[in-house]
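A.B. asks: I have a structure here, written as structure tokens, and I will follow up with some questions on it.
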Amino acid sequence: MNRLNRIVLGVFVLFGLPWLGLAVYPYLTFAELKPHTDPNTKEVAPPGVPGAARQGYRIYAANGCVYCHSQFIRDKGEGGDIDREWGKRRTVTRDYILDDEVFLGVSRFGPDLTNMGVRQKDAQWYYRYLYDARQFNPETVMPPYRYLFRDQPIAGQPSSNALKLEGNAAVRPGHEIVPTPEAEALVAYLLSLRRDYALPEAPEPRE
Amino acid sequence: MSAPNQTTGSKLTRRDLDTGSVLRGPILLFFISGLFWLLIGAALWLLSVFQAVDPFVSWVFPDIPWLTYGRVYPVAMDLLVYGWASMTGVGVAIWILNRLANNPFTGGFIPLLAALIWNVGLIAGVWAVLGGGSTGREWLEFPAYSAFLIWLAELIMAVWVVSLFISRRTKGAYIAQAFLLAAFVSFAWAYGAANALLLLANVGGPAQAAIQWWYFGCLFGLWLSPLAVGIVYYFVPLLAGRPLYSAKLAAISFWGLISFGGWIGITQVTGGPFPVWMQTFGIVAQVLLVIPILTVATNLHLTMKGSFDLLKTNLALRFLVVGGMIFGLAGIWNALCSFRSINWILQFTWAQPARIYLALIGFVSLVCFGAIYYILPRLVGRDWVYTKVIRFHFWVTIVGLGFVAFTLTIAGVLQGLGLMDAKVPFAAVLDLIRPFLLGQVLAVAIIAVSALLGVFSFLTVFVNPAWAPESSETPEPIIGEGEVTIA
């Protein structure tokens, strides 16, 4: 029976080691990371997530954006991330400390979104892209998220955030397509995706 | 002596532990649940690969929120892993562990209860994810209430198999027992710990990702792999009618798998926001994992040596041995893919899911079906009649699997090389792989057909003629000669 006990003990130890190293260690040490304040400009990095974006990550999670879009930048020389200008530098642990949920992702069937809010700042663009991505790229494989929008008759003045649609996505006369609160939260979240500040541990690579 | 059937080779005995067992109900319920989820999972997987080719055509339901790609695909994968592979594997494990304990254990209602809870958890999880309640974390999509039920079922099963082991009437421990017990305990621990931290504790952002990918390593390295290896180690010597070639090799594969299995998850996010040592540990473990995996393959090969002809007639053995070989192949391929130079190309591409499908459909699925083809006649006391369907099922699975692995790996290489080169526009990369995504549709359709064939042949047994018990024959010993003790 002695050998048997050793087996049981061995299994627990061997299971416990990766658990300590890959789960408990980051749980304890990542929590101690604090935002970095630049000594000269007094800018705080990362700057934190604006209130409007705080609900949007749930919509991102609910609709499975993570199955096609990643949110991390590998270093120069580790794939084409920086060459493609998805980010100016690699992302590090501290980039994510203020995020409610982190969507690193393992697929780039769609482009990386780490700095989406830097590349595109126009909310209307996002609404139209989510509604029907074919307007921007006829060959796209991004699904339409028309269920995040509402088709409503125009009452008096057209809504300020109504979608400017053309071609085969055009709306019936007298009607307009407006984003639901879910779409607004999601777009606020996407606009908040920006890791273009400087962090000492991740300098921009030189050409 | 006429063998009761060609398909499964061995003769029907040990009836006390089979048809007469109180565990017949729970084992059948685990099998039926697994096969049910296989069908649903394969159907949703097929829908998702259609959507990956063209998400706008009306018959992929572009305007039904709960059938959008980002909900259908994770549900399909979760059902194949937590529904099909896990539940069927549990059913097989109950049967094996019951035999190896040589104890007609009377707590049969406990696994029955676990199967029911597990199914309720899965239904709740599918409902939640399709309805927009996903956590958004790959392989841990189920929200707290659903994850809790599935974990509860896992925990009940872990406690139950350990108590079955403790109350055994045999001495020492068999190699299959070691693998299966380690798998049950690891799964309950890993799934419980990951969900507790992610859903209950208020874990900060980057640690969430670390925990999530640690769990992924455990799911494949410490649950599905040892589960299927345990099944293979039990059945192959039994069906080949000779002892396992080497107990030492078996022990090496056990300790190797348990040592390295938990570290491999982080290789999925190499280059991510984690300390370099964590990523290096992952890569080293993934490479070292080749040792136990090839040890399993070698041990099986040397056990089978000289009797490979059996694979022609014994279909259960064929599923099990070929599954074991694919395990070796997947192990080598995973190790190669974890090297940084290769990983920078293939990371984020379709070559990554191809590796998962190879392990899931090629290894775990084949092993589970092989075990079912052996166990089911003994459990229900009815023979296989349509062995042609089983042969067909085998070849359709192999063709579908080979095709999906081939098309996705080529697609992944093209996609990876395209993404490396910033001069290639992103849209051009997608154009490049489009033909292979069409190929994936065909491949997954073939796999879905193989799932249908498996379910069909499972169901035929229930209407087949009864299997006459051969009371005059000497009963098989409860512990077969192929079973090797390690303690």
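In the structure tokens, chains take the letters A, B, ... in the order shown, each chain's residues start at 1, and ligands count up from 1 in the order shown.
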Could you name the residues that touch Leu346 (chain B) at 7 Å or less, counting only C-alpha atoms, but leaving out those on the same chain fewer than 6 positions away, as number ranges by chain?
C.D. replies: B: 412-413, 416
A.B. asks: Near chain A, meaning an atom within 7 Å, which residues of chain B appear when counting only C-alpha atoms? Write them as a PyMOL selection string.
C.D. replies: chain B and resi 52-56+62-63+65+70-71+132-136+182+203-211+214+258-259+262-263+268-269+271-274+278+344-345+348-349+419-422+487
A.B. asks: The selected residues should be written to file as a compact mmCIF listing (two decimals), in the first residue's frame (atoms: N, CA and C atoms).
C.D. replies:
# COMPACT_ATOMS: atom_id res chain seq x y z
N ALA B 52 -18.68 30.18 -41.73
CA ALA B 52 -17.33 30.69 -41.92
C ALA B 52 -17.04 30.94 -43.40
N VAL B 53 -17.81 30.30 -44.27
CA VAL B 53 -17.60 30.52 -45.71
C VAL B 53 -18.42 31.72 -46.18
N ASP B 54 -19.69 31.76 -45.81
CA ASP B 54 -20.54 32.89 -46.18
C ASP B 54 -21.56 33.13 -45.07
N PRO B 55 -21.37 34.17 -44.29
CA PRO B 55 -22.29 34.39 -43.16
C PRO B 55 -23.58 35.11 -43.57
N PHE B 56 -23.75 35.39 -44.87
CA PHE B 56 -24.90 36.21 -45.27
C PHE B 56 -26.05 35.43 -45.90
N PRO B 62 -28.62 34.34 -40.80
CA PRO B 62 -27.87 35.52 -40.37
C PRO B 62 -28.64 36.43 -39.42
N ASP B 63 -29.97 36.31 -39.37
CA ASP B 63 -30.71 37.26 -38.54
C ASP B 63 -31.27 36.64 -37.26
N PRO B 65 -30.30 35.81 -33.71
CA PRO B 65 -29.16 36.07 -32.82
C PRO B 65 -28.58 34.81 -32.21
N GLY B 70 -20.59 33.29 -33.56
CA GLY B 70 -19.91 33.42 -32.27
C GLY B 70 -20.62 32.73 -31.13
N ARG B 71 -21.83 32.23 -31.36
CA ARG B 71 -22.51 31.44 -30.32
C ARG B 71 -22.58 29.97 -30.72
N GLY B 132 -27.04 34.24 -25.42
CA GLY B 132 -26.24 35.45 -25.22
C GLY B 132 -25.70 35.60 -23.81
N GLY B 133 -25.60 34.50 -23.08
CA GLY B 133 -25.10 34.57 -21.71
C GLY B 133 -23.71 33.99 -21.56
N SER B 134 -22.98 33.87 -22.67
CA SER B 134 -21.65 33.27 -22.60
C SER B 134 -20.70 34.14 -21.79
N THR B 135 -19.75 33.49 -21.11
CA THR B 135 -18.72 34.26 -20.42
C THR B 135 -17.71 34.83 -21.41
N GLY B 136 -17.70 34.30 -22.64
CA GLY B 136 -16.76 34.78 -23.65
C GLY B 136 -15.37 34.23 -23.48
N ALA B 182 -6.65 9.31 -11.99
CA ALA B 182 -5.98 10.61 -12.08
C ALA B 182 -6.80 11.57 -12.94
N VAL B 203 -11.24 38.18 -9.95
CA VAL B 203 -9.88 38.11 -10.45
C VAL B 203 -9.65 39.23 -11.45
N GLY B 204 -8.50 39.89 -11.35
CA GLY B 204 -8.17 40.96 -12.28
C GLY B 204 -7.94 40.44 -13.69
N GLY B 205 -7.99 41.36 -14.64
CA GLY B 205 -7.94 41.02 -16.05
C GLY B 205 -6.92 40.00 -16.48
N PRO B 206 -5.61 40.33 -16.40
CA PRO B 206 -4.62 39.43 -17.01
C PRO B 206 -4.57 38.05 -16.35
N ALA B 207 -4.87 37.99 -15.05
CA ALA B 207 -4.85 36.68 -14.38
C ALA B 207 -5.98 35.80 -14.90
N GLN B 208 -7.10 36.43 -15.33
CA GLN B 208 -8.19 35.64 -15.92
C GLN B 208 -7.69 34.82 -17.09
N ALA B 209 -6.91 35.50 -17.95
CA ALA B 209 -6.43 34.81 -19.15
C ALA B 209 -5.47 33.68 -18.77
N ALA B 210 -4.61 33.93 -17.77
CA ALA B 210 -3.68 32.88 -17.34
C ALA B 210 -4.44 31.66 -16.83
N ILE B 211 -5.46 31.91 -16.00
CA ILE B 211 -6.24 30.80 -15.44
C ILE B 211 -6.98 30.06 -16.54
N TRP B 214 -4.48 27.97 -18.46
CA TRP B 214 -4.02 26.85 -17.62
C TRP B 214 -5.07 25.75 -17.65
N ILE B 258 1.11 12.90 -16.55
CA ILE B 258 0.65 13.66 -15.39
C ILE B 258 1.60 14.83 -15.11
N SER B 259 2.91 14.63 -15.36
CA SER B 259 3.86 15.70 -15.06
C SER B 259 3.72 16.88 -16.02
N GLY B 262 -0.43 19.38 -17.38
CA GLY B 262 -1.04 20.59 -16.85
C GLY B 262 -0.38 21.88 -17.31
N TRP B 263 0.78 21.78 -17.96
CA TRP B 263 1.54 22.98 -18.31
C TRP B 263 1.27 23.48 -19.72
N GLN B 268 -1.05 28.05 -26.19
CA GLN B 268 -2.07 28.59 -27.09
C GLN B 268 -1.94 30.10 -27.24
N VAL B 269 -1.41 30.78 -26.23
CA VAL B 269 -1.32 32.24 -26.27
C VAL B 269 0.14 32.69 -26.13
N GLY B 271 3.46 34.57 -26.69
CA GLY B 271 3.59 35.97 -27.10
C GLY B 271 2.58 36.86 -26.40
N GLY B 272 1.75 36.27 -25.56
CA GLY B 272 0.73 37.01 -24.82
C GLY B 272 1.33 37.71 -23.61
N PRO B 273 0.48 38.42 -22.85
CA PRO B 273 0.98 39.26 -21.76
C PRO B 273 1.30 38.48 -20.49
N PHE B 274 2.22 37.54 -20.60
CA PHE B 274 2.62 36.75 -19.44
C PHE B 274 4.13 36.74 -19.34
N MET B 278 6.75 31.59 -17.90
CA MET B 278 5.51 30.80 -17.96
C MET B 278 5.35 30.19 -19.36
N TRP B 344 5.02 31.28 -34.40
CA TRP B 344 4.77 32.66 -34.89
C TRP B 344 4.01 32.63 -36.21
N ILE B 345 4.16 31.57 -36.99
CA ILE B 345 3.44 31.48 -38.25
C ILE B 345 2.03 30.93 -38.04
N PHE B 348 -2.93 31.69 -34.26
CA PHE B 348 -4.11 32.45 -34.72
C PHE B 348 -4.69 31.94 -36.04
N THR B 349 -4.14 30.88 -36.60
CA THR B 349 -4.66 30.42 -37.89
C THR B 349 -5.56 29.20 -37.70
N LEU B 419 -0.25 36.42 -43.05
CA LEU B 419 -0.32 37.39 -41.95
C LEU B 419 1.07 37.88 -41.54
N MET B 420 2.10 37.05 -41.74
CA MET B 420 3.48 37.45 -41.41
C MET B 420 3.92 38.62 -42.26
N ASP B 421 3.43 38.65 -43.50
CA ASP B 421 3.92 39.62 -44.48
C ASP B 421 2.96 40.80 -44.54
N ALA B 422 3.39 41.94 -43.97
CA ALA B 422 2.50 43.09 -43.86
C ALA B 422 2.10 43.65 -45.23
N ALA B 487 1.27 -1.13 -8.90
CA ALA B 487 1.57 -0.91 -7.49
C ALA B 487 1.25 -2.18 -6.71
A.B. asks: From the list B:Ala411, B:Ala85, B:Ile375, B:Ile175, which residue is nearest Leu317 (chain B) when using only C-alpha atoms?
C.D. replies: B:Ile375
A.B. asks: Could you list, as a PyMOL selection string, every residue within 6 Å of region 87-96 of chain B, counting only C-alpha atoms and ignoring same-chain residues fewer than 6 positions away?
C.D. replies: chain B and resi 27+30-31+34
A.B. asks: Name the residues of region 7-105 of chain B that fall into helix (DSSP H, G or I) according to DSSP on the backbone, using the chain letters and numbers of this document, as a PyMOL selection string.
C.D. replies: chain B and resi 15-17+24-53+58-60+65-67+69-101
A.B. asks: Could you turn the residues from that selection into a file that holds C-alpha atoms, as an mmCIF file, in the first residue's frame?
C.D. replies:
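Dumped everything to out_7.cif:
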data_model
loop_
_atom_site.group_PDB
_atom_site.id
_atom_site.type_symbol
_atom_site.label_atom_id
_atom_site.label_comp_id
_atom_site.auth_asym_id
_atom_site.auth_seq_id
_atom_site.Cartn_x
_atom_site.Cartn_y
_atom_site.Cartn_z
ATOM 1 C CA ARG B 15 -22.151 -11.470 -16.848
ATOM 2 C CA ASP B 16 -22.437 -10.517 -13.232
ATOM 3 C CA LEU B 17 -20.532 -7.368 -13.942
ATOM 4 C CA ARG B 24 -25.952 -1.072 -16.596
ATOM 5 C CA GLY B 25 -28.435 1.803 -16.391
ATOM 6 C CA PRO B 26 -25.940 4.549 -15.555
ATOM 7 C CA ILE B 27 -23.430 3.352 -18.153
ATOM 8 C CA LEU B 28 -26.120 3.259 -20.836
ATOM 9 C CA LEU B 29 -27.339 6.695 -19.804
ATOM 10 C CA PHE B 30 -23.811 8.091 -20.128
ATOM 11 C CA PHE B 31 -23.461 6.484 -23.573
ATOM 12 C CA ILE B 32 -26.827 7.683 -24.827
ATOM 13 C CA SER B 33 -26.218 11.198 -23.497
ATOM 14 C CA GLY B 34 -22.791 11.282 -25.120
ATOM 15 C CA LEU B 35 -24.148 10.169 -28.478
ATOM 16 C CA PHE B 36 -27.031 12.629 -28.284
ATOM 17 C CA TRP B 37 -24.635 15.512 -27.654
ATOM 18 C CA LEU B 38 -22.390 14.216 -30.431
ATOM 19 C CA LEU B 39 -25.253 14.601 -32.890
ATOM 20 C CA ILE B 40 -26.203 18.082 -31.713
ATOM 21 C CA GLY B 41 -22.547 19.140 -31.529
ATOM 22 C CA ALA B 42 -21.751 17.850 -35.013
ATOM 23 C CA ALA B 43 -24.834 19.563 -36.468
ATOM 24 C CA LEU B 44 -23.910 22.908 -34.914
ATOM 25 C CA TRP B 45 -20.286 22.475 -35.974
ATOM 26 C CA LEU B 46 -21.460 21.921 -39.549
ATOM 27 C CA LEU B 47 -23.613 25.051 -39.385
ATOM 28 C CA SER B 48 -20.655 27.064 -38.082
ATOM 29 C CA VAL B 49 -18.315 25.991 -40.893
ATOM 30 C CA PHE B 50 -20.964 27.010 -43.439
ATOM 31 C CA GLN B 51 -21.116 30.377 -41.697
ATOM 32 C CA ALA B 52 -17.326 30.695 -41.919
ATOM 33 C CA VAL B 53 -17.604 30.521 -45.709
ATOM 34 C CA SER B 58 -30.277 32.998 -45.629
ATOM 35 C CA TRP B 59 -29.862 29.305 -44.799
ATOM 36 C CA VAL B 60 -27.108 29.997 -42.269
ATOM 37 C CA PRO B 65 -29.160 36.072 -32.821
ATOM 38 C CA TRP B 66 -28.881 32.689 -31.097
ATOM 39 C CA LEU B 67 -27.573 31.089 -34.287
ATOM 40 C CA TYR B 69 -21.336 32.115 -35.548
ATOM 41 C CA GLY B 70 -19.912 33.422 -32.268
ATOM 42 C CA ARG B 71 -22.510 31.442 -30.322
ATOM 43 C CA VAL B 72 -22.923 28.347 -32.489
ATOM 44 C CA TYR B 73 -19.218 27.506 -32.762
ATOM 45 C CA PRO B 74 -18.424 27.523 -29.015
ATOM 46 C CA VAL B 75 -21.568 25.516 -28.245
ATOM 47 C CA ALA B 76 -20.545 22.932 -30.854
ATOM 48 C CA MET B 77 -17.062 22.608 -29.339
ATOM 49 C CA ASP B 78 -18.359 22.508 -25.766
ATOM 50 C CA LEU B 79 -20.845 19.796 -26.667
ATOM 51 C CA LEU B 80 -18.180 17.703 -28.392
ATOM 52 C CA VAL B 81 -15.884 18.010 -25.371
ATOM 53 C CA TYR B 82 -18.182 18.159 -22.315
ATOM 54 C CA GLY B 83 -21.084 16.273 -23.876
ATOM 55 C CA TRP B 84 -19.763 13.665 -26.257
ATOM 56 C CA ALA B 85 -16.136 12.918 -25.312
ATOM 57 C CA SER B 86 -16.451 13.457 -21.565
ATOM 58 C CA MET B 87 -19.783 11.740 -20.901
ATOM 59 C CA THR B 88 -19.063 8.746 -23.126
ATOM 60 C CA GLY B 89 -15.598 8.467 -21.597
ATOM 61 C CA VAL B 90 -17.124 8.474 -18.127
ATOM 62 C CA GLY B 91 -19.469 5.653 -19.138
ATOM 63 C CA VAL B 92 -16.585 3.565 -20.424
ATOM 64 C CA ALA B 93 -14.512 4.368 -17.341
ATOM 65 C CA ILE B 94 -17.295 3.233 -14.997
ATOM 66 C CA TRP B 95 -17.445 -0.091 -16.812
ATOM 67 C CA ILE B 96 -13.663 -0.610 -16.721
ATOM 68 C CA LEU B 97 -13.209 0.486 -13.124
ATOM 69 C CA ASN B 98 -16.081 -1.703 -11.993
ATOM 70 C CA ARG B 99 -14.436 -4.720 -13.608
ATOM 71 C CA LEU B 100 -10.989 -3.940 -12.293
ATOM 72 C CA ALA B 101 -12.352 -3.499 -8.789
#
A.B. asks: Considering only C-alpha atoms, return as a list in words whatever protein or nucleic-acid residues lie within 7 Å of Trp384 (chain B), sequence-local ones (same chain, fewer than 2 positions apart) excluded.
C.D. replies: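 Contacts, with the query itself left out: Pro377, Arg382, Tyr386, Thr387, Val461 and Asn464 of chain B.
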A.B. asks: Set the distance at 12 Å and use only C-alpha atoms: which residues neighbour Ile252 (chain B) once local chain neighbours fewer than 3 positions away are removed? I'd like the list as JSON, numbers by chain.
C.D. replies: {"B": [175, 179, 246, 247, 248, 249, 255, 256, 257, 258, 259, 289, 290, 291, 292, 293, 294, 295, 296, 298, 299, 486]}
A.B. asks: Write a file of the just-selected residues containing N, CA and C atoms, as a PDB file, in the first residue's frame.
C.D. replies:
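Below is the file that was written, selection_35.pdb:
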ATOM      1  N   ILE B 175      -2.782  -0.345 -14.313  1.00  0.00           N
ATOM      2  CA  ILE B 175      -2.362   0.849 -15.031  1.00  0.00           C
ATOM      3  C   ILE B 175      -3.565   1.650 -15.533  1.00  0.00           C
ATOM      4  N   PHE B 179      -4.587   5.710 -14.626  1.00  0.00           N
ATOM      5  CA  PHE B 179      -4.914   6.763 -15.589  1.00  0.00           C
ATOM      6  C   PHE B 179      -6.304   7.328 -15.336  1.00  0.00           C
ATOM      7  N   SER B 246       4.890  -3.835 -21.896  1.00  0.00           N
ATOM      8  CA  SER B 246       5.782  -3.454 -20.802  1.00  0.00           C
ATOM      9  C   SER B 246       5.059  -2.638 -19.745  1.00  0.00           C
ATOM     10  N   ALA B 247       5.132  -3.113 -18.505  1.00  0.00           N
ATOM     11  CA  ALA B 247       4.557  -2.352 -17.405  1.00  0.00           C
ATOM     12  C   ALA B 247       5.403  -1.117 -17.123  1.00  0.00           C
ATOM     13  N   LYS B 248       6.705  -1.235 -17.363  1.00  0.00           N
ATOM     14  CA  LYS B 248       7.595  -0.094 -17.104  1.00  0.00           C
ATOM     15  C   LYS B 248       7.267   1.065 -18.034  1.00  0.00           C
ATOM     16  N   LEU B 249       7.116   0.739 -19.331  1.00  0.00           N
ATOM     17  CA  LEU B 249       6.757   1.788 -20.286  1.00  0.00           C
ATOM     18  C   LEU B 249       5.427   2.428 -19.898  1.00  0.00           C
ATOM     19  N   TRP B 255       3.477   8.690 -15.596  1.00  0.00           N
ATOM     20  CA  TRP B 255       4.123   9.802 -14.880  1.00  0.00           C
ATOM     21  C   TRP B 255       4.432  10.953 -15.815  1.00  0.00           C
ATOM     22  N   GLY B 256       4.792  10.639 -17.053  1.00  0.00           N
ATOM     23  CA  GLY B 256       5.080  11.699 -18.012  1.00  0.00           C
ATOM     24  C   GLY B 256       3.847  12.540 -18.318  1.00  0.00           C
ATOM     25  N   LEU B 257       2.743  11.852 -18.584  1.00  0.00           N
ATOM     26  CA  LEU B 257       1.511  12.572 -18.923  1.00  0.00           C
ATOM     27  C   LEU B 257       1.059  13.449 -17.761  1.00  0.00           C
ATOM     28  N   ILE B 258       1.107  12.896 -16.551  1.00  0.00           N
ATOM     29  CA  ILE B 258       0.649  13.661 -15.387  1.00  0.00           C
ATOM     30  C   ILE B 258       1.596  14.833 -15.108  1.00  0.00           C
ATOM     31  N   SER B 259       2.906  14.635 -15.356  1.00  0.00           N
ATOM     32  CA  SER B 259       3.862  15.705 -15.060  1.00  0.00           C
ATOM     33  C   SER B 259       3.720  16.878 -16.017  1.00  0.00           C
ATOM     34  N   LEU B 289       6.158  16.227 -23.531  1.00  0.00           N
ATOM     35  CA  LEU B 289       4.965  15.381 -23.576  1.00  0.00           C
ATOM     36  C   LEU B 289       5.068  14.326 -24.679  1.00  0.00           C
ATOM     37  N   VAL B 290       5.943  14.580 -25.643  1.00  0.00           N
ATOM     38  CA  VAL B 290       6.154  13.596 -26.705  1.00  0.00           C
ATOM     39  C   VAL B 290       6.618  12.261 -26.106  1.00  0.00           C
ATOM     40  N   ILE B 291       7.407  12.331 -25.010  1.00  0.00           N
ATOM     41  CA  ILE B 291       7.937  11.094 -24.426  1.00  0.00           C
ATOM     42  C   ILE B 291       6.807  10.167 -23.976  1.00  0.00           C
ATOM     43  N   PRO B 292       5.922  10.610 -23.055  1.00  0.00           N
ATOM     44  CA  PRO B 292       4.852   9.684 -22.665  1.00  0.00           C
ATOM     45  C   PRO B 292       3.946   9.299 -23.826  1.00  0.00           C
ATOM     46  N   ILE B 293       3.698  10.237 -24.734  1.00  0.00           N
ATOM     47  CA  ILE B 293       2.775   9.926 -25.828  1.00  0.00           C
ATOM     48  C   ILE B 293       3.373   8.850 -26.734  1.00  0.00           C
ATOM     49  N   LEU B 294       4.649   9.004 -27.067  1.00  0.00           N
ATOM     50  CA  LEU B 294       5.269   7.978 -27.904  1.00  0.00           C
ATOM     51  C   LEU B 294       5.459   6.679 -27.129  1.00  0.00           C
ATOM     52  N   THR B 295       5.598   6.782 -25.807  1.00  0.00           N
ATOM     53  CA  THR B 295       5.683   5.572 -24.998  1.00  0.00           C
ATOM     54  C   THR B 295       4.387   4.771 -25.097  1.00  0.00           C
ATOM     55  N   VAL B 296       3.265   5.493 -25.051  1.00  0.00           N
ATOM     56  CA  VAL B 296       1.966   4.816 -25.211  1.00  0.00           C
ATOM     57  C   VAL B 296       1.919   4.131 -26.572  1.00  0.00           C
ATOM     58  N   THR B 298       4.349   3.228 -28.584  1.00  0.00           N
ATOM     59  CA  THR B 298       5.304   2.116 -28.675  1.00  0.00           C
ATOM     60  C   THR B 298       4.778   0.891 -27.940  1.00  0.00           C
ATOM     61  N   ASN B 299       4.280   1.124 -26.743  1.00  0.00           N
ATOM     62  CA  ASN B 299       3.778   0.023 -25.927  1.00  0.00           C
ATOM     63  C   ASN B 299       2.634  -0.699 -26.646  1.00  0.00           C
ATOM     64  N   ILE B 486       0.602  -1.696 -11.426  1.00  0.00           N
ATOM     65  CA  ILE B 486       1.723  -0.781 -11.269  1.00  0.00           C
ATOM     66  C   ILE B 486       2.058  -0.562  -9.806  1.00  0.00           C
TER      67      ILE B 486
END
